[in-house]
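Asks: Next comes the structure file entry.cif, holding mmCIF, C-alpha atoms.
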data_run
loop_
_atom_site.label_atom_id
_atom_site.label_comp_id
_atom_site.auth_asym_id
_atom_site.auth_seq_id
_atom_site.Cartn_x
_atom_site.Cartn_y
_atom_site.Cartn_z
CA MET A 1450 53.30 -20.74 -31.62
CA ARG A 1451 51.33 -17.62 -30.77
CA THR A 1452 50.30 -16.79 -27.23
CA LEU A 1453 46.67 -16.31 -26.24
CA GLU A 1454 47.29 -12.57 -26.04
CA GLN A 1455 48.59 -12.51 -29.61
CA LEU A 1456 45.65 -14.61 -30.87
CA ILE A 1457 43.18 -12.29 -29.18
CA ALA A 1458 44.93 -9.14 -30.41
CA ALA A 1459 44.84 -10.43 -34.00
CA SER A 1460 41.02 -10.72 -34.04
CA PRO A 1461 39.00 -7.83 -35.52
CA VAL A 1462 36.90 -7.37 -32.39
CA PHE A 1463 39.86 -6.99 -30.03
CA ALA A 1464 42.36 -5.39 -32.44
CA GLY A 1465 43.94 -2.17 -31.13
CA LEU A 1466 43.26 -2.79 -27.44
CA ARG A 1467 45.91 -1.58 -25.01
CA GLU A 1468 48.42 -4.24 -23.92
CA GLU A 1469 47.34 -4.18 -20.28
CA HIS A 1470 43.72 -4.70 -21.31
CA LEU A 1471 44.72 -7.58 -23.59
CA ALA A 1472 46.59 -9.16 -20.69
CA VAL A 1473 43.51 -8.92 -18.46
CA ILE A 1474 41.28 -10.45 -21.17
CA ALA A 1475 43.78 -13.22 -21.89
CA GLY A 1476 43.80 -14.01 -18.18
CA CYS A 1477 40.15 -15.05 -18.50
CA ALA A 1478 40.72 -17.17 -21.65
CA VAL A 1479 41.67 -20.72 -22.63
CA ASN A 1480 42.04 -22.54 -25.96
CA GLU A 1481 39.34 -25.05 -26.85
CA HIS A 1482 38.68 -27.49 -29.65
CA PHE A 1483 35.31 -28.73 -30.92
CA SER A 1484 34.66 -31.59 -33.33
CA ALA A 1485 32.25 -31.20 -36.24
CA GLY A 1486 28.72 -31.51 -34.87
CA GLU A 1487 29.73 -30.88 -31.26
CA GLN A 1488 27.48 -28.59 -29.25
CA LEU A 1489 29.16 -25.50 -27.73
CA PHE A 1490 26.05 -24.52 -25.77
CA ARG A 1491 22.30 -25.01 -25.68
CA GLU A 1492 19.39 -22.59 -25.44
CA GLY A 1493 18.48 -21.97 -21.81
CA ASP A 1494 21.80 -23.13 -20.37
CA PRO A 1495 23.75 -20.72 -18.12
CA ALA A 1496 25.84 -18.42 -20.33
CA ASN A 1497 29.09 -18.18 -18.41
CA ARG A 1498 31.31 -18.04 -21.47
CA PHE A 1499 31.79 -16.68 -24.96
CA PHE A 1500 34.06 -17.72 -27.81
CA LEU A 1501 36.38 -16.24 -30.40
CA ILE A 1502 36.60 -18.54 -33.44
CA ARG A 1503 40.20 -19.11 -34.50
CA GLU A 1504 39.36 -21.65 -37.17
CA GLY A 1505 36.16 -23.39 -38.22
CA ALA A 1506 32.51 -22.37 -38.04
CA VAL A 1507 29.67 -22.31 -35.52
CA ALA A 1508 25.96 -22.43 -36.40
CA LEU A 1509 23.47 -20.61 -34.19
CA GLY A 1510 20.05 -22.21 -34.21
CA VAL A 1511 16.85 -23.00 -32.39
CA ASP A 1512 15.13 -26.32 -32.02
CA ALA A 1513 11.63 -26.23 -33.48
CA PRO A 1514 9.30 -29.11 -32.57
CA GLY A 1515 8.68 -31.24 -35.63
CA ARG A 1516 11.21 -29.34 -37.73
CA GLY A 1517 14.48 -29.99 -35.93
CA GLU A 1518 17.17 -27.38 -35.63
CA LEU A 1519 16.65 -24.17 -37.63
CA VAL A 1520 19.93 -22.40 -38.28
CA VAL A 1521 19.66 -18.61 -38.17
CA GLU A 1522 23.30 -17.62 -38.59
CA THR A 1523 26.75 -19.11 -38.97
CA LEU A 1524 29.87 -17.50 -37.57
CA HIS A 1525 33.39 -17.92 -38.84
CA GLN A 1526 37.06 -17.28 -38.18
CA GLY A 1527 37.71 -14.05 -36.31
CA GLU A 1528 34.11 -13.67 -35.12
CA VAL A 1529 32.79 -13.70 -31.58
CA VAL A 1530 30.12 -16.20 -30.50
CA GLY A 1531 27.98 -15.16 -27.56
CA TRP A 1532 26.64 -12.01 -25.94
CA SER A 1533 24.42 -13.65 -23.32
CA TRP A 1534 27.25 -13.62 -20.78
CA LEU A 1535 27.03 -9.81 -20.78
CA PHE A 1536 23.41 -9.39 -19.73
CA GLU A 1537 21.13 -10.87 -17.12
CA PRO A 1538 19.79 -13.52 -16.81
CA TYR A 1539 23.05 -14.86 -18.35
CA ARG A 1540 21.33 -17.67 -20.27
CA TRP A 1541 22.00 -18.75 -23.85
CA GLN A 1542 19.21 -17.69 -26.19
CA PHE A 1543 20.21 -20.06 -29.02
CA ASP A 1544 21.98 -23.36 -29.58
CA GLY A 1545 25.59 -23.18 -30.79
CA ARG A 1546 27.03 -26.10 -32.79
CA ALA A 1547 30.36 -26.52 -34.58
CA THR A 1548 29.63 -27.31 -38.24
CA GLU A 1549 33.24 -28.35 -38.82
CA THR A 1550 36.32 -28.92 -36.71
CA THR A 1551 36.59 -25.67 -34.78
CA HIS A 1552 39.36 -24.13 -32.73
CA ALA A 1553 38.28 -21.30 -30.46
CA VAL A 1554 39.42 -19.15 -27.60
CA ALA A 1555 36.89 -19.57 -24.77
CA PHE A 1556 36.46 -16.69 -22.33
CA ASP A 1557 35.15 -16.90 -18.78
CA GLY A 1558 32.33 -14.34 -18.90
CA ALA A 1559 31.89 -14.04 -15.13
CA CYS A 1560 35.64 -13.41 -14.72
CA LEU A 1561 35.59 -10.74 -17.43
CA ARG A 1562 32.46 -9.04 -16.06
CA GLY A 1563 34.27 -8.74 -12.73
CA LYS A 1564 37.32 -7.20 -14.42
CA CYS A 1565 35.11 -4.72 -16.30
CA GLU A 1566 33.36 -3.70 -13.07
CA ALA A 1567 36.76 -3.11 -11.48
CA GLU A 1568 38.12 -1.16 -14.45
CA HIS A 1569 35.47 0.81 -16.33
CA GLU A 1570 37.81 1.86 -19.12
CA LEU A 1571 38.24 -1.79 -20.08
CA GLY A 1572 34.47 -2.26 -19.73
CA TYR A 1573 33.81 0.71 -22.03
CA GLU A 1574 36.25 -0.61 -24.67
CA LEU A 1575 34.68 -4.05 -24.62
CA MET A 1576 31.12 -2.70 -24.74
CA ARG A 1577 32.01 -0.38 -27.65
CA ARG A 1578 33.45 -3.29 -29.64
CA PHE A 1579 30.63 -5.70 -28.83
CA ALA A 1580 28.07 -3.02 -29.74
CA ALA A 1581 29.69 -2.60 -33.18
CA SER A 1582 29.56 -6.36 -33.73
CA MET A 1583 25.93 -6.50 -32.55
CA THR A 1584 24.96 -3.63 -34.88
CA GLU A 1585 26.51 -5.36 -37.89
CA ARG A 1586 24.71 -8.59 -37.09
CA LEU A 1587 21.42 -6.84 -36.37
CA GLN A 1588 21.60 -5.20 -39.80
CA ALA A 1589 22.28 -8.57 -41.42
CA THR A 1590 19.33 -10.06 -39.54
CA ARG A 1591 17.05 -7.24 -40.77
CA LEU A 1592 18.13 -7.97 -44.33
CA GLN A 1593 17.33 -11.66 -43.78
CA LEU A 1594 13.89 -10.71 -42.46
CA LEU A 1595 13.14 -8.84 -45.69
CA ASP A 1596 13.13 -12.19 -47.53
CA VAL A 1597 14.40 -10.37 -50.63
CA TYR A 1598 14.63 -13.53 -52.74
CA GLY A 1599 11.01 -14.46 -52.15
CA HIS A 1600 9.37 -11.56 -53.95
CA ALA A 1601 9.78 -11.81 -57.70
CA ARG A 1602 8.29 -9.36 -60.18
CA THR A 1603 5.34 -11.03 -61.91
CA GLY A 1604 5.14 -11.41 -65.66
CA MET H 1463 3.97 -1.33 -92.16
CA LEU H 1464 5.51 -3.81 -89.74
CA GLU H 1465 8.15 -4.71 -92.32
CA GLN H 1466 9.05 -1.02 -92.73
CA ALA H 1467 9.42 -0.53 -88.99
CA GLU H 1468 11.40 -3.75 -88.70
CA ALA H 1469 13.73 -2.64 -91.49
CA ARG H 1470 14.75 0.42 -89.45
CA LEU H 1471 15.74 -1.71 -86.46
CA GLU H 1472 17.97 -4.69 -85.90
CA PRO H 1473 16.64 -7.83 -87.61
CA GLY H 1474 14.46 -9.81 -85.23
CA SER H 1475 13.90 -6.92 -82.86
CA MET H 1476 10.16 -6.51 -83.44
CA VAL H 1477 8.94 -9.83 -84.79
CA PRO H 1478 9.45 -12.92 -82.61
CA ALA H 1479 11.41 -15.69 -84.27
CA PRO H 1480 10.02 -19.18 -83.67
CA TYR H 1481 12.24 -21.35 -81.47
CA SER H 1482 11.53 -24.98 -80.57
CA LEU H 1483 11.90 -26.03 -76.96
CA ILE H 1484 14.31 -28.98 -77.16
CA ALA H 1485 14.99 -29.62 -73.46
CA LYS H 1486 14.01 -28.32 -70.03
CA ARG H 1487 15.37 -28.88 -66.54
CA ARG H 1488 13.79 -28.00 -63.23
CA ASP H 1489 16.25 -25.98 -61.12
CA THR H 1490 14.07 -25.25 -58.09
CA ALA H 1491 10.38 -25.64 -57.21
CA ASP H 1492 9.38 -22.72 -59.44
CA THR H 1493 12.35 -22.23 -61.78
CA TRP H 1494 13.19 -23.97 -65.04
CA THR H 1495 16.10 -23.82 -67.46
CA LEU H 1496 14.99 -24.13 -71.08
CA GLU H 1497 17.03 -24.96 -74.17
CA LEU H 1498 15.72 -23.47 -77.39
CA GLN H 1499 16.65 -24.11 -81.01
CA PRO H 1500 15.66 -21.81 -83.89
CA ARG H 1501 13.15 -23.38 -86.28
CA ALA H 1502 15.22 -21.96 -89.15
CA GLY H 1503 18.74 -20.58 -89.45
CA ARG H 1504 21.35 -20.11 -86.76
CA ARG H 1505 20.89 -19.38 -83.10
CA LEU H 1506 21.16 -15.69 -82.29
CA ALA H 1507 24.57 -14.50 -81.11
CA PHE H 1508 24.78 -12.66 -77.78
CA VAL H 1509 27.18 -11.28 -75.20
CA PRO H 1510 26.91 -12.22 -71.49
CA GLY H 1511 24.35 -10.04 -69.73
CA GLN H 1512 21.99 -9.54 -72.68
CA PHE H 1513 18.35 -10.59 -72.61
CA THR H 1514 15.64 -11.58 -75.06
CA MET H 1515 11.88 -11.09 -75.10
CA ILE H 1516 10.32 -14.54 -74.94
CA SER H 1517 6.70 -15.09 -75.83
CA ALA H 1518 4.37 -17.92 -75.03
CA PHE H 1519 1.84 -17.36 -77.78
CA GLY H 1520 -1.55 -16.45 -76.37
CA ALA H 1521 -0.18 -15.81 -72.87
CA GLY H 1522 2.28 -12.93 -73.19
CA GLU H 1523 5.84 -11.81 -73.66
CA VAL H 1524 8.50 -11.22 -70.97
CA PRO H 1525 12.15 -10.14 -70.83
CA ILE H 1526 14.40 -13.03 -69.78
CA SER H 1527 18.18 -12.90 -69.42
CA ILE H 1528 20.16 -15.41 -71.42
CA SER H 1529 21.76 -17.94 -69.06
CA GLY H 1530 23.67 -20.10 -71.57
CA ASP H 1531 27.24 -20.27 -72.77
CA PRO H 1532 28.07 -17.36 -75.12
CA ASP H 1533 30.85 -19.38 -76.77
CA GLY H 1534 30.06 -22.08 -79.31
CA ASP H 1535 26.78 -22.59 -81.13
CA GLY H 1536 24.76 -24.68 -78.69
CA PRO H 1537 21.10 -24.02 -77.99
CA LEU H 1538 19.80 -20.71 -76.66
CA VAL H 1539 19.43 -21.16 -72.89
CA HIS H 1540 17.14 -19.21 -70.57
CA THR H 1541 16.32 -19.70 -66.91
CA VAL H 1542 12.78 -18.69 -66.05
CA ARG H 1543 10.96 -18.36 -62.73
CA ALA H 1544 7.25 -19.04 -62.97
CA VAL H 1545 5.67 -16.06 -61.23
CA GLY H 1546 2.99 -14.77 -63.63
CA LEU H 1547 0.80 -15.68 -66.59
CA ALA H 1548 3.50 -15.53 -69.28
CA THR H 1549 6.33 -17.09 -67.25
CA ASN H 1550 4.04 -19.89 -66.06
CA ALA H 1551 3.09 -20.61 -69.69
CA ILE H 1552 6.77 -20.58 -70.73
CA CYS H 1553 7.73 -22.95 -67.90
CA ARG H 1554 4.80 -25.25 -68.72
CA ALA H 1555 5.89 -25.60 -72.37
CA ARG H 1556 6.91 -29.12 -73.32
CA PRO H 1557 9.76 -30.21 -75.60
CA GLY H 1558 8.71 -29.76 -79.21
CA GLU H 1559 6.51 -26.75 -78.51
CA VAL H 1560 7.33 -23.40 -80.10
CA LEU H 1561 8.12 -20.18 -78.22
CA GLY H 1562 8.80 -16.76 -79.73
CA VAL H 1563 12.15 -15.03 -79.26
CA ARG H 1564 13.03 -11.40 -80.00
CA GLY H 1565 16.51 -10.03 -79.47
CA PRO H 1566 19.11 -10.17 -78.07
CA PHE H 1567 18.80 -6.77 -76.43
CA GLY H 1568 20.74 -4.56 -74.10
CA SER H 1569 24.25 -4.10 -72.82
CA GLY H 1570 26.52 -6.86 -71.52
CA TRP H 1571 28.89 -7.50 -68.64
CA PRO H 1572 32.45 -6.22 -69.05
CA GLY H 1573 34.90 -8.86 -70.27
CA ALA H 1574 38.06 -7.98 -72.17
CA ASP H 1575 38.12 -4.51 -70.58
CA ILE H 1576 38.56 -5.94 -67.07
CA GLU H 1577 41.32 -8.41 -67.87
CA GLY H 1578 43.94 -8.54 -65.11
CA ALA H 1579 41.44 -7.62 -62.38
CA ASP H 1580 40.22 -9.68 -59.45
CA VAL H 1581 36.58 -10.32 -60.39
CA LEU H 1582 33.86 -10.69 -57.77
CA VAL H 1583 30.71 -12.17 -59.24
CA ILE H 1584 27.96 -11.45 -56.72
CA ALA H 1585 24.51 -12.96 -57.17
CA GLY H 1586 21.29 -13.22 -55.21
CA GLY H 1587 18.55 -15.75 -55.96
CA ILE H 1588 17.74 -16.12 -59.64
CA GLY H 1589 20.24 -13.29 -60.25
CA LEU H 1590 22.80 -16.03 -60.80
CA ALA H 1591 21.15 -16.83 -64.16
CA PRO H 1592 22.16 -13.57 -65.94
CA LEU H 1593 25.65 -13.97 -64.47
CA ARG H 1594 26.10 -17.58 -65.61
CA PRO H 1595 27.21 -16.60 -69.17
CA ALA H 1596 29.74 -14.17 -67.65
CA ILE H 1597 31.08 -16.88 -65.33
CA LEU H 1598 31.44 -19.31 -68.25
CA ALA H 1599 33.21 -16.64 -70.33
CA LEU H 1600 35.57 -15.76 -67.44
CA LEU H 1601 36.41 -19.42 -66.83
CA ALA H 1602 37.02 -20.02 -70.55
CA ARG H 1603 39.69 -17.31 -70.34
CA ARG H 1604 40.76 -18.04 -66.76
CA GLU H 1605 44.42 -17.09 -67.24
CA ARG H 1606 43.53 -13.52 -68.21
CA TYR H 1607 42.11 -12.60 -64.80
CA GLY H 1608 43.31 -12.42 -61.20
CA ARG H 1609 41.24 -14.07 -58.52
CA LEU H 1610 37.72 -15.08 -59.53
CA LEU H 1611 35.18 -15.23 -56.71
CA LEU H 1612 31.49 -16.05 -56.74
CA LEU H 1613 29.53 -14.80 -53.73
CA TYR H 1614 26.04 -16.21 -53.97
CA GLY H 1615 23.04 -15.85 -51.68
CA GLY H 1616 19.70 -17.64 -51.72
CA ARG H 1617 16.60 -18.04 -49.62
CA SER H 1618 17.30 -21.65 -48.60
CA PRO H 1619 19.52 -24.54 -49.73
CA GLU H 1620 16.65 -25.96 -51.80
CA GLN H 1621 16.34 -22.71 -53.75
CA LEU H 1622 19.96 -22.38 -54.84
CA MET H 1623 20.40 -22.26 -58.60
CA PHE H 1624 22.84 -24.39 -60.61
CA ALA H 1625 23.91 -26.23 -57.43
CA ALA H 1626 25.63 -29.07 -59.32
CA GLU H 1627 27.55 -26.60 -61.48
CA LEU H 1628 28.98 -24.70 -58.51
CA GLU H 1629 31.35 -27.62 -57.82
CA GLN H 1630 32.44 -27.76 -61.47
CA TRP H 1631 33.17 -24.03 -61.42
CA ARG H 1632 35.21 -24.48 -58.22
CA ALA H 1633 37.32 -27.12 -59.96
CA ARG H 1634 37.97 -24.69 -62.83
CA GLY H 1635 39.36 -21.95 -60.61
CA LEU H 1636 36.36 -20.03 -59.27
CA GLN H 1637 36.27 -19.55 -55.50
CA VAL H 1638 32.67 -20.06 -54.47
CA ALA H 1639 31.06 -18.83 -51.23
CA VAL H 1640 27.37 -19.52 -50.75
CA THR H 1641 25.00 -18.25 -48.09
CA VAL H 1642 21.31 -18.81 -47.39
CA ASP H 1643 18.79 -16.88 -45.31
CA SER H 1644 17.76 -19.95 -43.31
CA ALA H 1645 18.52 -23.65 -43.26
CA GLY H 1646 18.08 -26.91 -41.40
CA PRO H 1647 20.81 -28.83 -39.57
CA GLU H 1648 21.84 -30.75 -42.70
CA TRP H 1649 23.19 -27.53 -44.26
CA LEU H 1650 26.84 -27.14 -43.32
CA GLY H 1651 27.38 -23.97 -45.35
CA HIS H 1652 26.95 -20.36 -44.37
CA VAL H 1653 23.70 -18.87 -43.06
CA GLY H 1654 23.53 -15.10 -43.37
CA VAL H 1655 23.45 -12.45 -46.07
CA VAL H 1656 25.59 -11.59 -49.08
CA PRO H 1657 27.19 -8.40 -47.64
CA GLN H 1658 28.71 -10.61 -44.90
CA LEU H 1659 30.34 -12.72 -47.61
CA VAL H 1660 31.89 -9.55 -49.06
CA ARG H 1661 33.44 -8.71 -45.67
CA ARG H 1662 34.88 -12.22 -45.34
CA ALA H 1663 36.12 -12.62 -48.93
CA GLY H 1664 39.80 -11.98 -49.43
CA PHE H 1665 40.47 -9.88 -52.53
CA ASP H 1666 42.59 -6.98 -53.65
CA ALA H 1667 40.11 -4.10 -53.40
CA ALA H 1668 42.33 -1.80 -55.48
CA ALA H 1669 42.33 -4.29 -58.37
CA ALA H 1670 38.81 -5.66 -57.95
CA VAL H 1671 35.80 -5.37 -60.22
CA ALA H 1672 32.36 -6.56 -59.07
CA LEU H 1673 29.56 -7.91 -61.27
CA LEU H 1674 26.31 -7.79 -59.37
CA CYS H 1675 22.82 -9.16 -59.99
CA GLY H 1676 19.99 -9.83 -57.56
CA PRO H 1677 17.11 -8.11 -55.78
CA GLU H 1678 17.71 -4.36 -55.70
CA VAL H 1679 17.69 -4.20 -51.89
CA MET H 1680 20.38 -6.89 -51.75
CA MET H 1681 22.44 -5.01 -54.33
CA ARG H 1682 22.24 -1.73 -52.37
CA PHE H 1683 23.51 -3.34 -49.16
CA THR H 1684 26.17 -5.25 -51.11
CA VAL H 1685 27.41 -2.06 -52.76
CA ALA H 1686 27.73 -0.52 -49.28
CA ALA H 1687 29.85 -3.49 -48.15
CA LEU H 1688 31.97 -3.22 -51.30
CA ALA H 1689 32.46 0.50 -50.70
CA GLN H 1690 33.55 -0.24 -47.12
CA ALA H 1691 36.05 -2.76 -48.51
CA GLY H 1692 37.41 -0.10 -50.88
CA VAL H 1693 35.74 -0.98 -54.20
CA GLY H 1694 34.53 2.23 -55.84
CA SER H 1695 31.13 2.43 -57.53
CA GLU H 1696 32.78 2.97 -60.93
CA ARG H 1697 34.18 -0.57 -60.62
CA ILE H 1698 30.85 -2.13 -59.73
CA TYR H 1699 28.60 -3.31 -62.58
CA ALA H 1700 24.97 -4.21 -61.90
CA SER H 1701 22.21 -5.73 -63.98
CA MET H 1702 19.00 -3.86 -63.31
CA GLU H 1703 15.41 -5.00 -63.47
CA ARG H 1704 12.49 -2.71 -64.16
CA ASN H 1705 9.19 -3.07 -66.01
CA MET H 1706 10.52 -3.88 -69.48
CA GLN H 1707 7.76 -4.19 -72.07
CA CYS H 1708 9.12 -3.65 -75.58
CA GLY H 1709 12.85 -4.37 -75.33
CA ILE H 1710 13.72 -1.72 -77.92
CA GLY H 1711 13.44 1.57 -76.05
CA HIS H 1712 10.08 2.64 -77.51
CA CYS H 1713 7.49 2.24 -74.77
CA GLY H 1714 9.34 3.95 -71.90
CA HIS H 1715 8.09 1.60 -69.18
CA CYS H 1716 11.63 0.79 -68.02
CA GLN H 1717 12.84 4.39 -67.74
CA LEU H 1718 15.11 5.21 -64.80
CA GLY H 1719 16.04 8.88 -64.81
CA PRO H 1720 17.49 9.66 -68.22
CA THR H 1721 18.05 6.04 -69.22
CA LEU H 1722 15.93 3.24 -70.63
CA LEU H 1723 17.03 -0.04 -69.09
CA CYS H 1724 16.08 -2.23 -72.05
CA ARG H 1725 18.02 -0.08 -74.51
CA ASP H 1726 20.94 1.33 -72.48
CA GLY H 1727 21.10 -1.43 -69.84
CA PRO H 1728 20.39 -3.78 -68.23
CA VAL H 1729 24.08 -3.74 -67.23
CA TYR H 1730 25.38 -0.41 -65.90
CA ARG H 1731 28.23 0.84 -63.80
CA TRP H 1732 26.78 1.54 -60.35
CA SER H 1733 28.27 5.05 -60.55
CA GLU H 1734 25.95 5.77 -63.49
CA LEU H 1735 22.88 4.68 -61.53
CA GLU H 1736 23.35 5.60 -57.88
CA ARG H 1737 22.09 9.16 -58.31
CA TRP H 1738 18.83 7.91 -59.82
CA LEU H 1739 18.38 4.96 -57.49
CA ALA H 1740 18.45 7.39 -54.57
CA ILE H 1741 15.22 9.00 -55.88
CA ARG H 1742 12.44 6.84 -54.43
CA GLU H 1743 9.79 8.13 -56.83
CA LEU H 1744 11.61 6.72 -59.87
#
Please, can you express the file's structure as structure tokens?
Replies:
Amino acid sequence: MRTLEQLIAASPVFAGLREEHLAVIAGCAVNEHFSAGEQLFREGDPANRFFLIREGAVALGVDAPGRGELVVETLHQGEVVGWSWLFEPYRWQFDGRATETTHAVAFDGACLRGKCEAEHELGYELMRRFAASMTERLQATRLQLLDVYGHARTG
Amino acid sequence: MLEQAEARLEPGSMVPAPYSLIAKRRDTADTWTLELQPRAGRRLAFVPGQFTMISAFGAGEVPISISGDPDGDGPLVHTVRAVGLATNAICRARPGEVLGVRGPFGSGWPGADIEGADVLVIAGGIGLAPLRPAILALLARRERYGRLLLLYGGRSPEQLMFAAELEQWRARGLQVAVTVDSAGPEWLGHVGVVPQLVRRAGFDAAAAVALLCGPEVMMRFTVAALAQAGVGSERIYASMERNMQCGIGHCGHCQLGPTLLCRDGPVYRWSELERWLAIREL
């Protein structure tokens, strides 16, 4: 049975953090379980938390009138769900739904923001890691926007 | 005159052979898989990755990759997306009608020379069609390879090719990961892009070989993800698409740097191409 600290340290986004920083982060975290189809959060709700997926998958989507939920991205084991806790107005911008049974570590965003304010080195480390994750996902989104499969050569 | 020119080349390379359309299946809204039988003689032999020039008489001729099983002597199978005059005419053909076939042309995917390797088959959109013969050949010799993975991306769940076959391939030892650019709530699979699948796929980078076919932009980003994972460009093979007109290296329309894709390709090692692909004017 691994401790929360060990689970967090094993994830790509938190790997290599100093032990004292891991302890602080783990102090703001709890284990959670979501059934397939269960909503983790909804667009517009207060974003007080974020998640690290241990097992399972989470779909990010928006509800479009007349079309239902449109899924824009799915996130999997080892990936972080949620940045809205980092920036004002601290509201979720998308819906998050477990597409299968999902085990996650849930972090108290307000708690962690307070810790980062108190210790800027921890704040810098977290921001650096979240920025790398955001960059990777922004690049993927740009590739999606290109709609590369929709433009065939005519003949 | 034509006979003299033909005699200097491979038989069937300049004059289309008549093939009867014996069956067709709609794969997606604009894509069809056609089964063709020669009107006389045996079906042409081919290696996975090769293409033919198919003509709808009176409409035009286009290069189409062979998507059928290279083993056995079943019909010649092509998967065609209706996007222009000739491809629309080919897709509109009804069983019993005659189409022209020249070829096969070009280079094929590696096979025996990559035995023992982990093989990543990476496809985008209709790019799965040219890879289907390679997948069937790999699965027919499953024990000769390490892990076999298919990473496949499409625009939406409705536009995925060979959807029913993906499950059959899984059962035969191919690990399949599929992603789409966008989907509704009924889609429980991955939404995202192919390079993300590369980052999530578990494989031995030192022993891996990648076979890649899809839109060129997708391939460039996928090669970057493969490089980050430790797969060198000399172990990445890609099937290229350019403006092929003759299929026999005479017209020059498909030139890329020093190479003619119809004659020397369409399958290349990425290391042979990357220098030329970096030149935007080509």
Asks: Using all atoms listed in the file, pick whichever of A:Glu1549, A:Asp1494, A:Glu1487, A:Asp1544 has the shortest atom-to-atom distance to chain H.
Replies: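 For chain H, the nearest of the given residues is A:Glu1549.
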Asks: Counting all atoms listed in the file, which residues from chain A have an atom at most 10 Å from any atom of chain H, and could you show them as a PyMOL selection string?
Replies: chain A and resi 1485-1486+1506-1512+1516-1527+1546-1549+1585-1586+1588-1604
Asks: For those residues, write C-alpha atoms to a file as a PDB file, keeping the file's coordinate frame.
Replies:
ATOM      1  CA  ALA A1485      32.250 -31.200 -36.240  1.00  0.00           C
ATOM      2  CA  GLY A1486      28.720 -31.510 -34.870  1.00  0.00           C
ATOM      3  CA  ALA A1506      32.510 -22.370 -38.040  1.00  0.00           C
ATOM      4  CA  VAL A1507      29.670 -22.310 -35.520  1.00  0.00           C
ATOM      5  CA  ALA A1508      25.960 -22.430 -36.400  1.00  0.00           C
ATOM      6  CA  LEU A1509      23.470 -20.610 -34.190  1.00  0.00           C
ATOM      7  CA  GLY A1510      20.050 -22.210 -34.210  1.00  0.00           C
ATOM      8  CA  VAL A1511      16.850 -23.000 -32.390  1.00  0.00           C
ATOM      9  CA  ASP A1512      15.130 -26.320 -32.020  1.00  0.00           C
ATOM     10  CA  ARG A1516      11.210 -29.340 -37.730  1.00  0.00           C
ATOM     11  CA  GLY A1517      14.480 -29.990 -35.930  1.00  0.00           C
ATOM     12  CA  GLU A1518      17.170 -27.380 -35.630  1.00  0.00           C
ATOM     13  CA  LEU A1519      16.650 -24.170 -37.630  1.00  0.00           C
ATOM     14  CA  VAL A1520      19.930 -22.400 -38.280  1.00  0.00           C
ATOM     15  CA  VAL A1521      19.660 -18.610 -38.170  1.00  0.00           C
ATOM     16  CA  GLU A1522      23.300 -17.620 -38.590  1.00  0.00           C
ATOM     17  CA  THR A1523      26.750 -19.110 -38.970  1.00  0.00           C
ATOM     18  CA  LEU A1524      29.870 -17.500 -37.570  1.00  0.00           C
ATOM     19  CA  HIS A1525      33.390 -17.920 -38.840  1.00  0.00           C
ATOM     20  CA  GLN A1526      37.060 -17.280 -38.180  1.00  0.00           C
ATOM     21  CA  GLY A1527      37.710 -14.050 -36.310  1.00  0.00           C
ATOM     22  CA  ARG A1546      27.030 -26.100 -32.790  1.00  0.00           C
ATOM     23  CA  ALA A1547      30.360 -26.520 -34.580  1.00  0.00           C
ATOM     24  CA  THR A1548      29.630 -27.310 -38.240  1.00  0.00           C
ATOM     25  CA  GLU A1549      33.240 -28.350 -38.820  1.00  0.00           C
ATOM     26  CA  GLU A1585      26.510  -5.360 -37.890  1.00  0.00           C
ATOM     27  CA  ARG A1586      24.710  -8.590 -37.090  1.00  0.00           C
ATOM     28  CA  GLN A1588      21.600  -5.200 -39.800  1.00  0.00           C
ATOM     29  CA  ALA A1589      22.280  -8.570 -41.420  1.00  0.00           C
ATOM     30  CA  THR A1590      19.330 -10.060 -39.540  1.00  0.00           C
ATOM     31  CA  ARG A1591      17.050  -7.240 -40.770  1.00  0.00           C
ATOM     32  CA  LEU A1592      18.130  -7.970 -44.330  1.00  0.00           C
ATOM     33  CA  GLN A1593      17.330 -11.660 -43.780  1.00  0.00           C
ATOM     34  CA  LEU A1594      13.890 -10.710 -42.460  1.00  0.00           C
ATOM     35  CA  LEU A1595      13.140  -8.840 -45.690  1.00  0.00           C
ATOM     36  CA  ASP A1596      13.130 -12.190 -47.530  1.00  0.00           C
ATOM     37  CA  VAL A1597      14.400 -10.370 -50.630  1.00  0.00           C
ATOM     38  CA  TYR A1598      14.630 -13.530 -52.740  1.00  0.00           C
ATOM     39  CA  GLY A1599      11.010 -14.460 -52.150  1.00  0.00           C
ATOM     40  CA  HIS A1600       9.370 -11.560 -53.950  1.00  0.00           C
ATOM     41  CA  ALA A1601       9.780 -11.810 -57.700  1.00  0.00           C
ATOM     42  CA  ARG A1602       8.290  -9.360 -60.180  1.00  0.00           C
ATOM     43  CA  THR A1603       5.340 -11.030 -61.910  1.00  0.00           C
ATOM     44  CA  GLY A1604       5.140 -11.410 -65.660  1.00  0.00           C
TER      45      GLY A1604
END
Asks: Mind listing whatever residues come within 12 Å of the point (46.1, -13.8, -32.1)? Use only C-alpha atoms, file coordinates, and give them as a list in words.
Replies: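 The residues that fall inside the cut-off are Met1450, Arg1451, Thr1452, Leu1453, Glu1454, Gln1455, Leu1456, Ile1457, Ala1458, Ala1459, Ser1460, Pro1461, Val1462, Phe1463, Ala1464, Gly1465, Leu1471, Ala1475, Asn1480, Leu1501, Ile1502, Arg1503, Glu1504, Gln1526, Gly1527, Ala1553 and Val1554 of chain A.
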Asks: Find the spatial neighbours of Lys1564 in chain A, counting only C-alpha atoms, within a cut-off of 8 Å - ignore same-chain residues fewer than 6 positions away - and output them as a PyMOL selection string.
Replies: chain A and resi 1473+1571-1572
